[in-house]
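Enquirer: This is the structure I have questions about; it appears just below.
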Amino acid sequence: METNRIQAVRGMSDVLPDTCAAYRAVENQLHTCFEQFGYRPINVPLVEHTDLYLRKSGEEIVTRMYDFVYQNRRLCLRPEMTASIIRAYIDHLEEQTPLPMRLYYGGAVFRYERPQRERYRQFSQVGVELLGSAGPMADAEVIWTACRGLNQLGLSNYRVVIGHIGVLAKFLEGLQLGSRLQNLLLASTDLLRSENGRLKVAQKLQEIYPDYLPTQDSPSSPEQEGQLDKLVTLFQHLNDADAKAAILELLGSLNVNLKGSRSPEEIASRLLEKIHRQNRIPLIDKALEFMTELSVLEGEPFKVLEQGKELLPRYGIDTAPLEELRSIVEVLKLYDLDWSQVSLDLGLSRGLQYYTGTIFEIHHGALGGERQLCGGGRYDELVTTLGGNQRTPATGFSFGLERVCVALESEGHFKVGSHLHFDAFVIALDSERHGYAISVAEQLRNYGLNIELAIRERSVSKNFQYAEKQHFPFVIVVGADELAQSVVTLRSQAKQAGQRLTVAEAAQQILSFRTEAMS
Ligand code: HAM
């Protein structure tokens, strides 16, 4: 059937009143927890210059941004909060604030993702950024803050996974595989851990890198490929410009009969690309070999640190990150954390590229494929990358609020419908008494009560029906008699009985009912 309704945008949800109140209660509890650690609230705009996020957020986020040109300015909807917070810090706080500075926030972020369970295009992040402290005390405190927040919400079946950007990401960066290949490998640790993991990763690699495994659908003839293969070895060690010039010269001077429709320019470019790819194959194998060994190193932190100390030197990787991690887990042990919930994963990677040190995630089983309900880590270069004057070490994390709520619901701690308290509904018996009804409602609100006033022109019985449907525990009726005696009729819906009281007496009754109901 034709309809002129306008639908919500795909991947973006309406949050209806009861759920909205429950979300807000969770967010407020997290904010209270952050304040207990000395964090101060900050709010930043939803719209930023795209450039802010192009600088250091990395391909994974940048390709998913809501990015547009408006009045000749390239703008975006913020895909996360950290870069915005740092921009605001540089703009307003860097010069005058003593460090460390602790900031917390909550708000909507936007990512153009393929919508699926627990993955939205608009979602809420609640998190903290701790600026100006480099040591393990800061890293451990930030990790603990996230855990304490979850504990205070009542969540228990979560897992904290800690890693370091200086292990896998630095190793892959050193291999110079190009960002696409590097990102694909970084995102493959979990796949490697699955059954036939290496084969599955090889297949994934082949999608963007057809030469990685022998492939049947080469666009050139086998004869032509054979000729190309021989040429590849000749130019492997030249730079791109020299190699291309040499290939063209050689093709010209040899008068090679290249059947097919490609021009010498195209052939030279193809050949060059092939050289690049062939040069990379042993590097990819090396990366996969390291990753396969690394993927087993996940579990009890101190055990993994020992295993890492043995593995990293074999691949020429600096063991300093392991020492950093050791100091952090040693401090973390001083907190009241259930150690069986903590693991070290030296293969952990994060989608954002500003991280420089320790990284961590918090996972929860109820989330299925999208098991991550929190992510964070250290990013010591972002302040200077975004134009700050001082190098300012920093670390932080963000919760995905919707995912936290799904996890809470799975453990029976997300109570929809229990956060809104409407204490009484005030009805004037006739329009002459509207002034008195308004005054009574206002006086009751001054006692901190939530009072709704009957504002529609409808009969008293209709108003009573409405009060029943909305589950008001009390109805207050005011008519000519009540006005004359400066009282109200307070009717308890549960007892189905009314009594005449002063406003102050009515307020006390409603307040004690509320206290009892909430205890
Ligand atoms: P992130 O891991 O990209 O980190 O996002 C943080 C959290 O947002 C995730 O752990 C997840 O719970 C939630 N999230 C991410 N994408 C979606 C989605 N499409 N739908 C629902 N929830 C989602 C950051 O954004 C960093 N700024 C965290 C940080 C703060 N690092 C340092 N400081």
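Residues are named by chain letter and number: chains run A, B, ... in the order of the structure tokens, numbers start at 1 in each chain, and ligands are numbered from 1 in the order shown.
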Using only C-alpha atoms and all ligand atoms, tabulate the residues of chain A lying at most 8 Å from any atom of ligand 1, each with its closest atom pair and that distance in Å to one decimal, by chain and increasing residue number, as a tab-separated table.
Expert:
residue	atom	partner	partner_atom_place_in_ligand_line	distance
A:Ile61	CA	ligand 1	3 (O)	7.9
A:Pro79	CA	ligand 1	25 (O)	7.3
A:Glu80	CA	ligand 1	25 (O)	4.6
A:Met81	CA	ligand 1	27 (N)	5.4
A:Thr82	CA	ligand 1	27 (N)	4.7
A:Ala83	CA	ligand 1	27 (N)	7.5
A:Phe110	CA	ligand 1	19 (N)	7.8
A:Arg111	CA	ligand 1	19 (N)	6.2
A:Tyr112	CA	ligand 1	19 (N)	7.9
A:Glu113	CA	ligand 1	19 (N)	6.1
A:Pro115	CA	ligand 1	19 (N)	7.5
A:Glu118	CA	ligand 1	21 (C)	5.5
A:Arg119	CA	ligand 1	20 (N)	3.5
A:Tyr120	CA	ligand 1	20 (N)	3.9
A:Arg121	CA	ligand 1	19 (N)	5.6
A:Gln122	CA	ligand 1	20 (N)	6.9
A:Phe123	CA	ligand 1	21 (C)	5.3
A:Ser124	CA	ligand 1	22 (N)	7.1
A:Gln125	CA	ligand 1	8 (O)	5.8
A:Gly127	CA	ligand 1	30 (C)	6.5
A:Val128	CA	ligand 1	30 (C)	6.5
A:Glu129	CA	ligand 1	33 (N)	5.6
A:Arg350	CA	ligand 1	2 (O)	6.9
A:Gly351	CA	ligand 1	3 (O)	6.4
A:Leu352	CA	ligand 1	3 (O)	6.6
A:Tyr355	CA	ligand 1	32 (C)	7.7
A:Glu361	CA	ligand 1	10 (O)	6.7
A:Ile362	CA	ligand 1	10 (O)	7.2
A:Glu370	CA	ligand 1	11 (C)	7.9
A:Arg371	CA	ligand 1	12 (O)	7.9
A:Gln372	CA	ligand 1	10 (O)	4.8
A:Leu373	CA	ligand 1	12 (O)	3.4
A:Cys374	CA	ligand 1	10 (O)	3.4
A:Gly375	CA	ligand 1	2 (O)	4.1
A:Gly376	CA	ligand 1	31 (N)	3.6
A:Gly377	CA	ligand 1	32 (C)	5.0
A:Arg378	CA	ligand 1	32 (C)	6.5
A:Tyr379	CA	ligand 1	32 (C)	7.0
A:Thr395	CA	ligand 1	32 (C)	5.7
A:Gly396	CA	ligand 1	33 (N)	3.6
A:Phe397	CA	ligand 1	30 (C)	3.5
A:Ser398	CA	ligand 1	28 (C)	4.5
A:Phe399	CA	ligand 1	7 (C)	4.8
A:Gly400	CA	ligand 1	12 (O)	3.4
A:Leu401	CA	ligand 1	12 (O)	6.9
A:Glu402	CA	ligand 1	21 (C)	6.5
A:Arg403	CA	ligand 1	12 (O)	5.7
A:Val404	CA	ligand 1	12 (O)	7.3
Enquirer: Leaving out Asp423 in chain A and any residue of its chain fewer than 2 positions from it, which residues lie within 10 Å of it when counting only C-alpha atoms, given as number ranges by chain?
Expert: A: 420-421, 425, 444-445, 448-452, 471-475, 507, 510-511, 513-514
Enquirer: List the spatial neighbours of Val426 in chain A as an NGL selection string - criterion: any atom at most 7 Å away, only C-alpha atoms, same-chain residues fewer than 6 positions off excluded.
Expert: :A and (437 or 441 or 452-454 or 475-477)
Enquirer: Taking 4 positions as the minimum chain separation for residues in the same chain, which residues sit within 6 Å of range 130-144 of chain A when counting only C-alpha atoms? Answer as a list in words.
Expert: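 After dropping sequence-adjacent residues, the list is Leu99, Pro100, Met101, Arg102, Arg148, Ser327, Ile328, Leu332, Thr392, Pro393, Ala394, Thr395 and Gly396 of chain A.
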Enquirer: Go ahead and write the selection's residues with N, CA, C and O atoms as an mmCIF file, in the first residue's frame.
Expert:
data_model
loop_
_atom_site.group_PDB
_atom_site.id
_atom_site.type_symbol
_atom_site.label_atom_id
_atom_site.label_comp_id
_atom_site.auth_asym_id
_atom_site.auth_seq_id
_atom_site.Cartn_x
_atom_site.Cartn_y
_atom_site.Cartn_z
ATOM 1 N N LEU A 99 48.426 19.712 33.966
ATOM 2 C CA LEU A 99 48.284 18.315 33.549
ATOM 3 C C LEU A 99 48.545 17.403 34.749
ATOM 4 O O LEU A 99 49.295 17.783 35.638
ATOM 5 N N PRO A 100 48.012 16.224 34.817
ATOM 6 C CA PRO A 100 47.155 15.627 33.799
ATOM 7 C C PRO A 100 45.752 16.228 33.789
ATOM 8 O O PRO A 100 45.276 16.735 34.809
ATOM 9 N N MET A 101 45.144 16.145 32.609
ATOM 10 C CA MET A 101 43.789 16.654 32.470
ATOM 11 C C MET A 101 42.896 15.469 32.127
ATOM 12 O O MET A 101 43.205 14.689 31.234
ATOM 13 N N ARG A 102 41.807 15.341 32.869
ATOM 14 C CA ARG A 102 40.902 14.209 32.631
ATOM 15 C C ARG A 102 39.575 14.721 32.098
ATOM 16 O O ARG A 102 38.935 15.552 32.750
ATOM 17 N N ARG A 148 35.642 -0.527 36.236
ATOM 18 C CA ARG A 148 34.845 -0.106 37.391
ATOM 19 C C ARG A 148 33.482 0.386 36.927
ATOM 20 O O ARG A 148 32.451 0.112 37.563
ATOM 21 N N SER A 327 54.844 -3.517 33.155
ATOM 22 C CA SER A 327 54.630 -2.486 34.195
ATOM 23 C C SER A 327 53.141 -2.201 34.343
ATOM 24 O O SER A 327 52.648 -2.007 35.453
ATOM 25 N N ILE A 328 52.421 -2.173 33.226
ATOM 26 C CA ILE A 328 50.990 -1.846 33.298
ATOM 27 C C ILE A 328 50.211 -2.948 34.016
ATOM 28 O O ILE A 328 49.407 -2.679 34.902
ATOM 29 N N LEU A 332 47.982 -2.808 37.322
ATOM 30 C CA LEU A 332 46.578 -3.239 37.224
ATOM 31 C C LEU A 332 46.245 -4.270 38.301
ATOM 32 O O LEU A 332 45.129 -4.318 38.817
ATOM 33 N N THR A 392 52.046 15.748 24.023
ATOM 34 C CA THR A 392 51.258 15.449 25.221
ATOM 35 C C THR A 392 50.826 13.996 25.204
ATOM 36 O O THR A 392 49.951 13.612 24.432
ATOM 37 N N PRO A 393 51.462 13.168 26.014
ATOM 38 C CA PRO A 393 51.045 11.766 26.035
ATOM 39 C C PRO A 393 49.588 11.660 26.472
ATOM 40 O O PRO A 393 49.133 12.454 27.293
ATOM 41 N N ALA A 394 48.879 10.714 25.909
ATOM 42 C CA ALA A 394 47.450 10.623 26.230
ATOM 43 C C ALA A 394 46.959 9.200 26.070
ATOM 44 O O ALA A 394 47.528 8.398 25.328
ATOM 45 N N THR A 395 45.907 8.898 26.808
ATOM 46 C CA THR A 395 45.276 7.591 26.687
ATOM 47 C C THR A 395 43.789 7.733 27.019
ATOM 48 O O THR A 395 43.382 8.714 27.632
ATOM 49 N N GLY A 396 42.994 6.787 26.582
ATOM 50 C CA GLY A 396 41.557 6.892 26.848
ATOM 51 C C GLY A 396 40.812 5.691 26.289
ATOM 52 O O GLY A 396 41.421 4.732 25.796
#
Enquirer: Here is a test: counting only C-alpha atoms, which residue of A:Arg5, A:Gly163, A:Leu382, A:His49 is nearest to Asn72 in chain A?
Expert: A:His49
Enquirer: Pick out the residues sitting within 12 Å of Leu191 in chain A, and hand them over as a list in words; count only C-alpha atoms, and ignore anything fewer than 2 positions along from it in its own chain.
Expert: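 Near neighbours after the sequence-gap exclusion: Leu184, Leu185, Leu186, Ala187, Ser188, Thr189, Arg193, Ser194, Glu195, Asn196, Gly197, Arg198, Leu199, Lys200, Val201, Ala202, Gln203, Lys204, Leu205, Leu288, Met291, Thr292, Ser295 and Gly347 of chain A.
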Enquirer: DSSP says alpha helix (DSSP H) for which residues of range 323-445 of chain A? Put them as a PyMOL selection string?
Expert: chain A and resi 323-332+382-385+401-410+434-445
Enquirer: Could those residues be written to a file, using N, CA and C atoms, as an mmCIF file, in the first residue's frame?
Expert:
data_model
loop_
_atom_site.group_PDB
_atom_site.id
_atom_site.type_symbol
_atom_site.label_atom_id
_atom_site.label_comp_id
_atom_site.auth_asym_id
_atom_site.auth_seq_id
_atom_site.Cartn_x
_atom_site.Cartn_y
_atom_site.Cartn_z
ATOM 1 N N GLU A 323 58.024 -4.865 28.068
ATOM 2 C CA GLU A 323 58.354 -4.289 29.376
ATOM 3 C C GLU A 323 57.288 -3.293 29.808
ATOM 4 N N GLU A 324 56.836 -2.499 28.807
ATOM 5 C CA GLU A 324 55.768 -1.527 29.089
ATOM 6 C C GLU A 324 54.520 -2.256 29.583
ATOM 7 N N LEU A 325 54.173 -3.322 28.867
ATOM 8 C CA LEU A 325 52.975 -4.082 29.246
ATOM 9 C C LEU A 325 53.125 -4.684 30.637
ATOM 10 N N ARG A 326 54.342 -5.168 30.911
ATOM 11 C CA ARG A 326 54.558 -5.776 32.233
ATOM 12 C C ARG A 326 54.289 -4.745 33.336
ATOM 13 N N SER A 327 54.844 -3.517 33.155
ATOM 14 C CA SER A 327 54.630 -2.486 34.195
ATOM 15 C C SER A 327 53.141 -2.201 34.343
ATOM 16 N N ILE A 328 52.421 -2.173 33.226
ATOM 17 C CA ILE A 328 50.990 -1.846 33.298
ATOM 18 C C ILE A 328 50.211 -2.948 34.016
ATOM 19 N N VAL A 329 50.477 -4.208 33.646
ATOM 20 C CA VAL A 329 49.709 -5.270 34.303
ATOM 21 C C VAL A 329 50.079 -5.391 35.787
ATOM 22 N N GLU A 330 51.336 -5.031 36.096
ATOM 23 C CA GLU A 330 51.702 -5.042 37.523
ATOM 24 C C GLU A 330 50.886 -4.010 38.294
ATOM 25 N N VAL A 331 50.702 -2.807 37.729
ATOM 26 C CA VAL A 331 49.879 -1.793 38.412
ATOM 27 C C VAL A 331 48.415 -2.244 38.427
ATOM 28 N N LEU A 332 47.982 -2.808 37.322
ATOM 29 C CA LEU A 332 46.578 -3.239 37.224
ATOM 30 C C LEU A 332 46.245 -4.270 38.301
ATOM 31 N N LEU A 382 48.997 12.330 19.019
ATOM 32 C CA LEU A 382 47.841 12.973 18.382
ATOM 33 C C LEU A 382 47.785 14.483 18.640
ATOM 34 N N VAL A 383 48.171 14.909 19.833
ATOM 35 C CA VAL A 383 48.115 16.353 20.129
ATOM 36 C C VAL A 383 49.006 17.109 19.141
ATOM 37 N N THR A 384 50.224 16.641 18.920
ATOM 38 C CA THR A 384 51.093 17.369 17.979
ATOM 39 C C THR A 384 50.632 17.169 16.529
ATOM 40 N N THR A 385 50.133 15.987 16.202
ATOM 41 C CA THR A 385 49.633 15.771 14.826
ATOM 42 C C THR A 385 48.513 16.750 14.504
ATOM 43 N N LEU A 401 27.612 2.690 23.843
ATOM 44 C CA LEU A 401 26.547 2.648 24.855
ATOM 45 C C LEU A 401 25.498 1.572 24.550
ATOM 46 N N GLU A 402 25.100 1.470 23.270
ATOM 47 C CA GLU A 402 24.059 0.488 22.920
ATOM 48 C C GLU A 402 24.550 -0.922 23.227
ATOM 49 N N ARG A 403 25.834 -1.156 22.936
ATOM 50 C CA ARG A 403 26.379 -2.506 23.187
ATOM 51 C C ARG A 403 26.483 -2.790 24.682
ATOM 52 N N VAL A 404 26.837 -1.769 25.461
ATOM 53 C CA VAL A 404 26.880 -1.953 26.924
ATOM 54 C C VAL A 404 25.483 -2.357 27.390
ATOM 55 N N CYS A 405 24.444 -1.698 26.829
ATOM 56 C CA CYS A 405 23.073 -1.989 27.273
ATOM 57 C C CYS A 405 22.650 -3.406 26.864
ATOM 58 N N VAL A 406 23.075 -3.850 25.677
ATOM 59 C CA VAL A 406 22.751 -5.223 25.258
ATOM 60 C C VAL A 406 23.406 -6.215 26.219
ATOM 61 N N ALA A 407 24.666 -5.940 26.583
ATOM 62 C CA ALA A 407 25.371 -6.829 27.514
ATOM 63 C C ALA A 407 24.665 -6.828 28.872
ATOM 64 N N LEU A 408 24.271 -5.632 29.331
ATOM 65 C CA LEU A 408 23.573 -5.544 30.624
ATOM 66 C C LEU A 408 22.267 -6.318 30.578
ATOM 67 N N GLU A 409 21.550 -6.195 29.467
ATOM 68 C CA GLU A 409 20.260 -6.880 29.337
ATOM 69 C C GLU A 409 20.463 -8.388 29.428
ATOM 70 N N SER A 410 21.542 -8.878 28.800
ATOM 71 C CA SER A 410 21.779 -10.322 28.815
ATOM 72 C C SER A 410 22.057 -10.821 30.233
ATOM 73 N N HIS A 434 -8.674 26.090 36.746
ATOM 74 C CA HIS A 434 -7.363 25.854 36.093
ATOM 75 C C HIS A 434 -6.232 26.572 36.831
ATOM 76 N N GLY A 435 -6.500 27.792 37.258
ATOM 77 C CA GLY A 435 -5.467 28.568 37.965
ATOM 78 C C GLY A 435 -5.030 27.852 39.231
ATOM 79 N N TYR A 436 -5.998 27.320 39.986
ATOM 80 C CA TYR A 436 -5.672 26.627 41.234
ATOM 81 C C TYR A 436 -4.900 25.325 40.935
ATOM 82 N N ALA A 437 -5.348 24.615 39.868
ATOM 83 C CA ALA A 437 -4.670 23.362 39.485
ATOM 84 C C ALA A 437 -3.209 23.635 39.128
ATOM 85 N N ILE A 438 -2.973 24.714 38.379
ATOM 86 C CA ILE A 438 -1.581 25.060 38.004
ATOM 87 C C ILE A 438 -0.776 25.346 39.271
ATOM 88 N N SER A 439 -1.381 26.095 40.192
ATOM 89 C CA SER A 439 -0.656 26.455 41.416
ATOM 90 C C SER A 439 -0.332 25.203 42.247
ATOM 91 N N VAL A 440 -1.294 24.259 42.363
ATOM 92 C CA VAL A 440 -1.054 23.020 43.119
ATOM 93 C C VAL A 440 0.074 22.214 42.458
ATOM 94 N N ALA A 441 -0.005 22.092 41.129
ATOM 95 C CA ALA A 441 1.030 21.318 40.412
ATOM 96 C C ALA A 441 2.407 21.925 40.663
ATOM 97 N N GLU A 442 2.499 23.230 40.583
ATOM 98 C CA GLU A 442 3.782 23.905 40.783
ATOM 99 C C GLU A 442 4.308 23.705 42.205
ATOM 100 N N GLN A 443 3.408 23.809 43.198
ATOM 101 C CA GLN A 443 3.851 23.615 44.585
ATOM 102 C C GLN A 443 4.380 22.195 44.788
ATOM 103 N N LEU A 444 3.680 21.227 44.190
ATOM 104 C CA LEU A 444 4.131 19.830 44.340
ATOM 105 C C LEU A 444 5.479 19.620 43.637
ATOM 106 N N ARG A 445 5.643 20.258 42.470
ATOM 107 C CA ARG A 445 6.953 20.136 41.772
ATOM 108 C C ARG A 445 8.066 20.710 42.645
#
Enquirer: Kindly give the distance, in Å, that separates CA of Gly357 in chain A and CA of Ile165 in chain A, rounded to a single decimal.
Expert: 5.2 Å
Enquirer: I'd like to know which of A:Val416, A:Gln29, A:Leu429, A:Leu305 is closest to Ser461 in chain A, using only C-alpha atoms.
Expert: A:Leu429
Enquirer: Go through A:Pro210, A:Pro45, A:Gly308, A:Pro321 and flag the residue nearest Glu293 in chain A, using only C-alpha atoms for the distances.
Expert: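 Under the stated criterion, the closest residue is A:Gly308.
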Enquirer: Could you find all residues in range 40-233 of chain A that DSSP calls strand (DSSP E or B) from the backbone, and write them as a PyMOL selection string?
Expert: chain A and resi 40-41+47-49+67-70+73-77+101-110+116+119+122-131+158-164
